[in-house]
Amino acid sequence: MLAELRTQFNVVKALAINELQDLGKTYNYGFAWALLEPIMFIGIMRAARSAFKGLTPPDMPPTTFLIVGIVPYYMYLSAMASVYKSLGNADKMLQFPRVTPIDMALAAALSDFCIYFAVYCFFLLPVSIYEKAFPPENALKVFSMYCVLWVLGVAFGFVAGAAARVFPPIAKFIGYYNIINRMLGGMLFVITQIPSIYWPYLTWNPILHCMEMIRDGWFVTYTSPVADPAYVAEWILGLLLLGLSLERYQRRLPYV
Amino acid sequence: MTIEFINVTKKVRQGHVRLTYENLNIRVEPHAKMALLGHKEAGLESITSLICSADAPDKGRVLRTHSISWPIPSSQFLKKHLPLATSARFLARLYEVDPSGYIGRIAEMAQIGDHMNSRGDKCPKEAVSRFLFSAGLCLSFEQYIFTNLNAGGKDDRARFADLVKETAARAGLLFIGSDLKVAQQFCDEAYVFDGKSATYFDDMDAAAEFLGSIAKKGDDDEGEDFFDTDPELESLVNMDF
């Protein structure tokens, strides 16, 4: 059992390194896009917040506030999309008998984890030092929540990717979900900025809980009134169970 | 220690190839020198995918109780923008072998010397072909799958044929393709795929004859269909100028 697990770990590691090396093939926009997309978004949001001061929480430095939320959220989206694509399409690497679609999905998501973690450190450390928001109150909590968001992205990717094999138009719905989540997922706000009567409607979303815990972990000045790790754990367990079951069921279905 | 198809049904949809194999029962014994033969439109790619677990059957089961290689000389793992050694290192990680020893063995077998550190797209095609072949042969499997047994240039073929025979002496060999001469050289039993079913032969000459008869039948059918589907064309062909 342990030997098999070690083999699978080595397979995922080899595939993840392979994925990262593939980025170099399209270097012009491979790594560059990973940097540019968050930079553009952070820049636009930073400009908007300078124009409308009320959008920024008063006790958190604005650029650090944005980076702490935006990069993990992009990582979540990217991990979800990678798993979705890996399960939805036949990959050439499956010709290797010891490689399974789950290995491919995990490796693709792992490479996203590494890229966005590098981007996170690259932006967050200098900016937070400049804005005097360094060191984080609880670095372990921030890193744990970053990992939890990744697991959540992978779990949701399993559900969506497996469902897409049976019902390809689901891609449209995922697009809508992502748009809604960008606005309501806590990437750009903390719950204390929203009137408390709306909290019950927003806190159903596990992404919001993760974002709250990440900001709670970074800023000394913020303590989330709603963050619930157990609620996030329930979502992860449920989604992973559903996603892996669907993946197993749809193995016999032809690729569309 | 076998590869076994038990009542396998598989719809093959590859470009214009559209056929269905029903109730396929195939058994490849350990150390067998087996050929899976068929014409280009027999959907052998799908059969290869089933053997390698890259795809699952619509019905039935595919059992594999020993280690098999990928379809050699597949270039799917080759990174053209990186040195050949990087691709070899990927295989070493995947199959948990010592990378430096493995790369050394490939370089020696493929006789590619300095090309090992050249980008894949800058290497001569023959060197890449020898690399792809050697990358598979330098790893240990209980069954080697080949889709082509012509490695490198014409000068290399005899040497690689000897290497394949040497490998086949200690492990099984499964050739999947349409090259009858190669199959007759290396295999002593075969399944011939005709687009609906697979027929077993323990005599390669009989397998060759059957494959030839399928080709002839296919050509005849194709001729009939060609005119049957277009009466206007038929009348033009029969026109007396």
# chains A, B, ... in the order shown; residues from 1 in each chain; ligands from 1

$ select_by_dssp --residues "segment 52-127 of chain B" --states "helix (DSSP H, G or I)" --output "number ranges by chain"
B: 84-94, 99-110, 113-117, 120-122, 125-127

$ residues_around --residues "Leu110 of chain A" --least-positions-apart "5" --cutoff "9 Å" --atoms "only C-alpha atoms" --output "tab-separated table (two decimals) with N, CA and C atoms, in the first residue's frame"
chain	number	residue	atom	x	y	z
A	12	VAL	N	2.98	11.64	-9.97
A	12	VAL	CA	2.41	13.00	-9.94
A	12	VAL	C	3.53	14.03	-9.97
A	13	LYS	N	4.59	13.76	-9.23
A	13	LYS	CA	5.73	14.69	-9.20
A	13	LYS	C	6.36	14.81	-10.59
A	16	ALA	N	4.04	16.77	-12.82
A	16	ALA	CA	3.97	18.20	-12.46
A	16	ALA	C	5.20	18.93	-12.97
A	79	ALA	N	-6.49	26.02	-10.70
A	79	ALA	CA	-6.46	24.60	-10.31
A	79	ALA	C	-7.74	23.90	-10.75
A	105	ALA	N	-4.62	15.08	-13.57
A	105	ALA	CA	-5.36	16.20	-12.98
A	105	ALA	C	-4.59	16.78	-11.79
A	115	ILE	N	3.16	27.72	-9.42
A	115	ILE	CA	3.28	29.00	-10.15
A	115	ILE	C	2.69	30.13	-9.33
A	150	TRP	N	-6.62	25.45	-2.71
A	150	TRP	CA	-6.16	24.57	-3.80
A	150	TRP	C	-6.97	23.26	-3.79

$ closest_residue --among "B:Glu209, B:Asp188, B:Asp121, B:Glu108" --to "chain A" --atoms "only C-alpha atoms"
B:Asp121

$ interface_residues --of "chain A" --to "chain B" --cutoff "9 Å" --atoms "only C-alpha atoms" --output "list of chain:residue names"
A:Thr7, A:Asn10, A:Val11, A:Val12, A:Lys13, A:Ala14, A:Leu15, A:Ile17, A:Asn18, A:Gln21, A:Asp22, A:Gly24, A:Lys25, A:Ala90, A:Asp91, A:Lys92, A:Met93, A:Leu94, A:Gln95, A:Phe96, A:Pro97, A:Arg98, A:Val99, A:Thr100, A:Pro101, A:Arg251, A:Arg252, A:Leu253, A:Pro254

$ write_last_selection --atoms "N, CA and C atoms" --output "JSON list (two decimals), in the first residue's frame"
[["chain", "number", "residue", "atom", "x", "y", "z"],
["A", 7, "THR", "N", 4.71, 5.32, -5.30],
["A", 7, "THR", "CA", 4.79, 5.32, -6.77],
["A", 7, "THR", "C", 3.88, 6.39, -7.35],
["A", 10, "ASN", "N", 5.38, 9.73, -6.91],
["A", 10, "ASN", "CA", 6.47, 9.96, -7.87],
["A", 10, "ASN", "C", 5.93, 10.25, -9.27],
["A", 11, "VAL", "N", 4.85, 9.56, -9.63],
["A", 11, "VAL", "CA", 4.23, 9.80, -10.95],
["A", 11, "VAL", "C", 3.69, 11.22, -11.02],
["A", 12, "VAL", "N", 2.98, 11.64, -9.97],
["A", 12, "VAL", "CA", 2.41, 13.00, -9.94],
["A", 12, "VAL", "C", 3.53, 14.03, -9.97],
["A", 13, "LYS", "N", 4.59, 13.76, -9.23],
["A", 13, "LYS", "CA", 5.73, 14.69, -9.20],
["A", 13, "LYS", "C", 6.36, 14.81, -10.59],
["A", 14, "ALA", "N", 6.57, 13.66, -11.24],
["A", 14, "ALA", "CA", 7.17, 13.69, -12.59],
["A", 14, "ALA", "C", 6.28, 14.46, -13.56],
["A", 15, "LEU", "N", 4.98, 14.23, -13.48],
["A", 15, "LEU", "CA", 4.06, 14.91, -14.40],
["A", 15, "LEU", "C", 3.98, 16.41, -14.10],
["A", 17, "ILE", "N", 6.37, 18.31, -12.81],
["A", 17, "ILE", "CA", 7.61, 18.94, -13.33],
["A", 17, "ILE", "C", 7.51, 19.05, -14.85],
["A", 18, "ASN", "N", 6.95, 18.02, -15.46],
["A", 18, "ASN", "CA", 6.75, 18.02, -16.91],
["A", 18, "ASN", "C", 5.84, 19.18, -17.35],
["A", 21, "GLN", "N", 7.71, 22.39, -17.10],
["A", 21, "GLN", "CA", 8.66, 22.53, -18.22],
["A", 21, "GLN", "C", 7.94, 22.91, -19.50],
["A", 22, "ASP", "N", 6.71, 22.46, -19.65],
["A", 22, "ASP", "CA", 5.92, 22.79, -20.85],
["A", 22, "ASP", "C", 5.64, 24.28, -20.94],
["A", 24, "GLY", "N", 7.63, 26.60, -20.46],
["A", 24, "GLY", "CA", 8.74, 27.25, -21.15],
["A", 24, "GLY", "C", 8.58, 27.24, -22.67],
["A", 25, "LYS", "N", 7.80, 26.26, -23.18],
["A", 25, "LYS", "CA", 7.61, 26.14, -24.63],
["A", 25, "LYS", "C", 6.95, 27.39, -25.19],
["A", 90, "ALA", "N", -8.84, 13.58, -23.45],
["A", 90, "ALA", "CA", -7.85, 12.50, -23.40],
["A", 90, "ALA", "C", -6.47, 13.11, -23.53],
["A", 91, "ASP", "N", -5.57, 12.79, -22.63],
["A", 91, "ASP", "CA", -4.23, 13.37, -22.69],
["A", 91, "ASP", "C", -3.24, 12.35, -23.25],
["A", 92, "LYS", "N", -2.27, 12.87, -24.00],
["A", 92, "LYS", "CA", -1.28, 11.99, -24.63],
["A", 92, "LYS", "C", -0.49, 11.19, -23.60],
["A", 93, "MET", "N", -0.33, 11.73, -22.40],
["A", 93, "MET", "CA", 0.48, 11.05, -21.38],
["A", 93, "MET", "C", -0.22, 9.79, -20.85],
["A", 94, "LEU", "N", -1.51, 9.65, -21.13],
["A", 94, "LEU", "CA", -2.22, 8.46, -20.65],
["A", 94, "LEU", "C", -1.73, 7.19, -21.35],
["A", 95, "GLN", "N", -0.95, 7.38, -22.41],
["A", 95, "GLN", "CA", -0.36, 6.22, -23.09],
["A", 95, "GLN", "C", 0.60, 5.47, -22.17],
["A", 96, "PHE", "N", 1.10, 6.18, -21.16],
["A", 96, "PHE", "CA", 1.98, 5.52, -20.21],
["A", 96, "PHE", "C", 1.12, 4.76, -19.22],
["A", 97, "PRO", "N", 1.26, 3.42, -19.20],
["A", 97, "PRO", "CA", 0.33, 2.62, -18.40],
["A", 97, "PRO", "C", 0.25, 2.99, -16.93],
["A", 98, "ARG", "N", 1.29, 3.58, -16.36],
["A", 98, "ARG", "CA", 1.18, 3.89, -14.93],
["A", 98, "ARG", "C", 0.60, 5.28, -14.68],
["A", 99, "VAL", "N", 0.24, 6.00, -15.74],
["A", 99, "VAL", "CA", -0.36, 7.33, -15.58],
["A", 99, "VAL", "C", -1.88, 7.21, -15.70],
["A", 100, "THR", "N", -2.59, 7.75, -14.72],
["A", 100, "THR", "CA", -4.05, 7.72, -14.77],
["A", 100, "THR", "C", -4.58, 9.15, -14.92],
["A", 101, "PRO", "N", -5.84, 9.32, -15.33],
["A", 101, "PRO", "CA", -6.39, 10.67, -15.43],
["A", 101, "PRO", "C", -6.30, 11.46, -14.11],
["A", 251, "ARG", "N", -15.38, 6.80, -16.38],
["A", 251, "ARG", "CA", -14.19, 6.29, -17.07],
["A", 251, "ARG", "C", -14.55, 5.52, -18.33],
["A", 252, "ARG", "N", -15.72, 4.91, -18.35],
["A", 252, "ARG", "CA", -16.10, 4.12, -19.51],
["A", 252, "ARG", "C", -16.76, 4.95, -20.59],
["A", 253, "LEU", "N", -16.97, 6.23, -20.30],
["A", 253, "LEU", "CA", -17.60, 7.06, -21.32],
["A", 253, "LEU", "C", -16.56, 7.56, -22.31],
["A", 254, "PRO", "N", -16.91, 7.60, -23.60],
["A", 254, "PRO", "CA", -15.92, 8.09, -24.58],
["A", 254, "PRO", "C", -15.68, 9.58, -24.42]]

$ residues_around --residues "segment 24-31 of chain B" --least-positions-apart "3" --cutoff "9 Å" --atoms "only C-alpha atoms" --output "list of chain:residue names"
B:Met1, B:Thr2, B:Ile3, B:Glu4, B:Phe5, B:Ile6, B:Asn7, B:Val8, B:Thr9, B:Lys10, B:Tyr21, B:Met34, B:Gly60, B:His66, B:Glu142, B:Gln143, B:Ala168, B:Ala169, B:Arg170, B:Ala171, B:Gly172, B:Leu173, B:Leu174, B:Tyr191, B:Lys196, B:Ser197, B:Ala198, B:Tyr200

$ write_last_selection --atoms "N, CA and C atoms" --output "tab-separated table (two decimals), in the first residue's frame"
chain	number	residue	atom	x	y	z
B	1	MET	N	0.04	-13.49	-15.08
B	1	MET	CA	0.96	-12.66	-15.86
B	1	MET	C	0.49	-12.59	-17.32
B	2	THR	N	-0.64	-11.99	-17.53
B	2	THR	CA	-1.18	-11.94	-18.89
B	2	THR	C	-1.80	-10.57	-19.17
B	3	ILE	N	-2.12	-10.37	-20.46
B	3	ILE	CA	-3.02	-9.28	-20.84
B	3	ILE	C	-4.25	-9.99	-21.40
B	4	GLU	N	-5.40	-9.65	-20.88
B	4	GLU	CA	-6.59	-10.39	-21.28
B	4	GLU	C	-7.78	-9.45	-21.54
B	5	PHE	N	-8.39	-9.59	-22.69
B	5	PHE	CA	-9.65	-8.89	-23.00
B	5	PHE	C	-10.77	-9.90	-22.78
B	6	ILE	N	-11.73	-9.56	-21.93
B	6	ILE	CA	-12.83	-10.49	-21.67
B	6	ILE	C	-14.13	-9.84	-22.13
B	7	ASN	N	-14.70	-10.38	-23.21
B	7	ASN	CA	-15.96	-9.88	-23.78
B	7	ASN	C	-15.97	-8.36	-23.93
B	8	VAL	N	-14.92	-7.85	-24.50
B	8	VAL	CA	-14.78	-6.40	-24.61
B	8	VAL	C	-15.56	-5.87	-25.82
B	9	THR	N	-16.33	-4.83	-25.58
B	9	THR	CA	-17.00	-4.11	-26.66
B	9	THR	C	-16.45	-2.69	-26.67
B	10	LYS	N	-16.07	-2.23	-27.85
B	10	LYS	CA	-15.51	-0.88	-27.94
B	10	LYS	C	-15.92	-0.22	-29.26
B	21	TYR	N	-16.09	-2.99	-32.20
B	21	TYR	CA	-15.66	-4.35	-31.87
B	21	TYR	C	-16.57	-4.87	-30.76
B	34	MET	N	3.72	-11.75	-29.70
B	34	MET	CA	2.39	-11.64	-30.30
B	34	MET	C	2.30	-10.41	-31.20
B	60	GLY	N	-17.34	-5.10	-20.89
B	60	GLY	CA	-16.30	-6.11	-20.70
B	60	GLY	C	-15.16	-5.60	-19.85
B	66	HIS	N	0.69	-7.85	-15.55
B	66	HIS	CA	2.15	-7.63	-15.50
B	66	HIS	C	2.48	-6.25	-16.06
B	142	GLU	N	7.85	-6.38	-18.25
B	142	GLU	CA	7.59	-7.80	-18.53
B	142	GLU	C	7.05	-7.99	-19.94
B	143	GLN	N	6.50	-6.91	-20.51
B	143	GLN	CA	6.00	-6.98	-21.90
B	143	GLN	C	6.29	-5.65	-22.57
B	168	ALA	N	13.41	-9.57	-26.40
B	168	ALA	CA	12.30	-10.53	-26.47
B	168	ALA	C	12.68	-11.87	-25.83
B	169	ALA	N	13.98	-12.12	-25.69
B	169	ALA	CA	14.41	-13.38	-25.06
B	169	ALA	C	14.13	-13.38	-23.57
B	170	ARG	N	14.06	-12.18	-22.96
B	170	ARG	CA	13.83	-12.13	-21.51
B	170	ARG	C	12.45	-11.59	-21.14
B	171	ALA	N	11.72	-11.04	-22.14
B	171	ALA	CA	10.39	-10.47	-21.85
B	171	ALA	C	9.45	-10.72	-23.03
B	172	GLY	N	8.20	-10.41	-22.82
B	172	GLY	CA	7.22	-10.57	-23.90
B	172	GLY	C	7.32	-9.44	-24.90
B	173	LEU	N	6.82	-9.68	-26.11
B	173	LEU	CA	6.84	-8.66	-27.15
B	173	LEU	C	5.46	-8.61	-27.81
B	174	LEU	N	4.92	-7.42	-27.89
B	174	LEU	CA	3.61	-7.25	-28.51
B	174	LEU	C	3.74	-6.21	-29.60
B	191	TYR	N	-3.11	-11.94	-33.66
B	191	TYR	CA	-4.55	-11.71	-33.81
B	191	TYR	C	-4.70	-10.76	-34.99
B	196	LYS	N	-14.40	-5.88	-37.14
B	196	LYS	CA	-15.54	-6.34	-36.35
B	196	LYS	C	-15.08	-7.28	-35.23
B	197	SER	N	-14.11	-8.10	-35.57
B	197	SER	CA	-13.65	-9.08	-34.59
B	197	SER	C	-12.14	-9.31	-34.75
B	198	ALA	N	-11.59	-10.12	-33.86
B	198	ALA	CA	-10.17	-10.45	-33.95
B	198	ALA	C	-10.04	-11.96	-34.07
B	200	TYR	N	-7.56	-15.32	-34.09
B	200	TYR	CA	-6.24	-15.76	-33.58
B	200	TYR	C	-5.56	-16.72	-34.56

$ residues_around --residues "Phe175 of chain B" --least-positions-apart "6" --cutoff "7 Å" --atoms "only C-alpha atoms" --output "JSON, numbers by chain"
{"B": [34, 35, 36, 145, 146, 147, 183]}

$ write_last_selection --atoms "N, CA and C atoms" --output "PDB file, in the first residue's frame"
ATOM      1  N   MET B  34       3.722 -11.750 -29.695  1.00  0.00           N
ATOM      2  CA  MET B  34       2.386 -11.644 -30.305  1.00  0.00           C
ATOM      3  C   MET B  34       2.299 -10.409 -31.203  1.00  0.00           C
ATOM      4  N   ALA B  35       1.580 -10.561 -32.319  1.00  0.00           N
ATOM      5  CA  ALA B  35       1.315  -9.398 -33.175  1.00  0.00           C
ATOM      6  C   ALA B  35      -0.188  -9.150 -33.200  1.00  0.00           C
ATOM      7  N   LEU B  36      -0.572  -7.907 -33.077  1.00  0.00           N
ATOM      8  CA  LEU B  36      -1.974  -7.528 -33.293  1.00  0.00           C
ATOM      9  C   LEU B  36      -1.984  -6.803 -34.625  1.00  0.00           C
ATOM     10  N   ILE B 145       5.665  -3.154 -25.762  1.00  0.00           N
ATOM     11  CA  ILE B 145       4.707  -2.921 -26.849  1.00  0.00           C
ATOM     12  C   ILE B 145       5.395  -2.079 -27.916  1.00  0.00           C
ATOM     13  N   PHE B 146       5.320  -2.545 -29.141  1.00  0.00           N
ATOM     14  CA  PHE B 146       5.914  -1.784 -30.245  1.00  0.00           C
ATOM     15  C   PHE B 146       4.837  -1.473 -31.281  1.00  0.00           C
ATOM     16  N   THR B 147       4.884  -0.267 -31.811  1.00  0.00           N
ATOM     17  CA  THR B 147       3.995   0.057 -32.923  1.00  0.00           C
ATOM     18  C   THR B 147       4.802   0.216 -34.216  1.00  0.00           C
ATOM     19  N   ALA B 183       6.143  -8.123 -38.434  1.00  0.00           N
ATOM     20  CA  ALA B 183       5.441  -9.076 -37.571  1.00  0.00           C
ATOM     21  C   ALA B 183       5.973 -10.487 -37.788  1.00  0.00           C
TER      22      ALA B 183
END

$ select_by_dssp --residues "segment 41-220 of chain B" --states "strand (DSSP E)" --output "PyMOL selection string"
chain B and resi 59-64+68-72+143-146+172-177+189-193+198-201

$ write_last_selection --atoms "C-alpha atoms" --output "PDB file, in the first residue's frame"
ATOM      1  CA  LYS B  59     -18.357  -3.217 -22.004  1.00  0.00           C
ATOM      2  CA  GLY B  60     -16.299  -6.106 -20.702  1.00  0.00           C
ATOM      3  CA  ARG B  61     -12.978  -6.090 -18.915  1.00  0.00           C
ATOM      4  CA  VAL B  62      -9.328  -5.646 -19.748  1.00  0.00           C
ATOM      5  CA  LEU B  63      -7.098  -7.455 -17.269  1.00  0.00           C
ATOM      6  CA  ARG B  64      -3.393  -6.796 -17.076  1.00  0.00           C
ATOM      7  CA  ILE B  68       3.989  -3.255 -19.849  1.00  0.00           C
ATOM      8  CA  SER B  69       5.786  -0.492 -21.694  1.00  0.00           C
ATOM      9  CA  TRP B  70       4.183   2.432 -23.470  1.00  0.00           C
ATOM     10  CA  PRO B  71       3.771   1.992 -27.253  1.00  0.00           C
ATOM     11  CA  ILE B  72       7.405   2.259 -28.382  1.00  0.00           C
ATOM     12  CA  GLN B 143       5.998  -6.983 -21.895  1.00  0.00           C
ATOM     13  CA  TYR B 144       7.229  -4.484 -24.487  1.00  0.00           C
ATOM     14  CA  ILE B 145       4.707  -2.921 -26.849  1.00  0.00           C
ATOM     15  CA  PHE B 146       5.914  -1.784 -30.245  1.00  0.00           C
ATOM     16  CA  GLY B 172       7.225 -10.572 -23.898  1.00  0.00           C
ATOM     17  CA  LEU B 173       6.844  -8.655 -27.154  1.00  0.00           C
ATOM     18  CA  LEU B 174       3.608  -7.254 -28.508  1.00  0.00           C
ATOM     19  CA  PHE B 175       3.679  -5.696 -31.948  1.00  0.00           C
ATOM     20  CA  ILE B 176       0.634  -3.628 -32.935  1.00  0.00           C
ATOM     21  CA  GLY B 177       0.423  -2.424 -36.508  1.00  0.00           C
ATOM     22  CA  GLU B 189       1.457 -15.757 -33.155  1.00  0.00           C
ATOM     23  CA  ALA B 190      -1.062 -13.084 -34.082  1.00  0.00           C
ATOM     24  CA  TYR B 191      -4.549 -11.713 -33.808  1.00  0.00           C
ATOM     25  CA  VAL B 192      -5.844 -10.179 -37.026  1.00  0.00           C
ATOM     26  CA  PHE B 193      -8.391  -7.389 -36.619  1.00  0.00           C
ATOM     27  CA  ALA B 198     -10.170 -10.446 -33.946  1.00  0.00           C
ATOM     28  CA  THR B 199      -9.058 -13.850 -35.259  1.00  0.00           C
ATOM     29  CA  TYR B 200      -6.236 -15.756 -33.579  1.00  0.00           C
ATOM     30  CA  PHE B 201      -3.465 -17.467 -35.572  1.00  0.00           C
TER      31      PHE B 201
END

$ residues_around --residues "Leu244 of chain A" --least-positions-apart "2" --cutoff "9 Å" --atoms "only C-alpha atoms" --output "MDAnalysis selection string"
chainID A and resid 102 155 158:159 162 239:242 246:249

$ write_last_selection --atoms "C-alpha atoms" --output "compact mmCIF listing (two decimals), in the first residue's frame"
# COMPACT_ATOMS: atom_id res chain seq x y z
CA ILE A 102 -6.33 11.44 -11.70
CA ALA A 155 -12.37 18.97 -5.65
CA PHE A 158 -13.24 16.80 -10.27
CA VAL A 159 -16.99 17.34 -10.04
CA ALA A 162 -16.47 14.47 -14.63
CA LEU A 239 -17.04 17.63 -3.28
CA LEU A 240 -14.14 15.17 -3.24
CA LEU A 241 -16.47 12.25 -2.57
CA LEU A 242 -18.82 13.34 -5.34
CA LEU A 246 -18.25 10.70 -10.79
CA GLU A 247 -14.72 10.32 -12.17
CA ARG A 248 -14.87 6.59 -11.52
CA TYR A 249 -18.30 6.31 -13.10

$ residues_around --residues "Pro225 of chain A" --least-positions-apart "2" --cutoff "12 Å" --atoms "only C-alpha atoms" --output "list of chain:residue names"
A:Val190, A:Ile191, A:Thr192, A:Gln193, A:Ile194, A:Ser196, A:Trp199, A:Thr203, A:Leu208, A:His209, A:Glu212, A:Met213, A:Arg215, A:Asp216, A:Tyr222, A:Thr223, A:Ala227, A:Asp228

$ residues_around --residues "Val182 of chain B" --least-positions-apart "4" --cutoff "10 Å" --atoms "only C-alpha atoms" --output "PyMOL selection string"
chain B and resi 35+148-150+161+175+177-178+186-187

$ atom_distance --atom1 "atom CA of Pro73 of chain B" --atom2 "atom CA of Lys122 of chain B"
18.8 Å
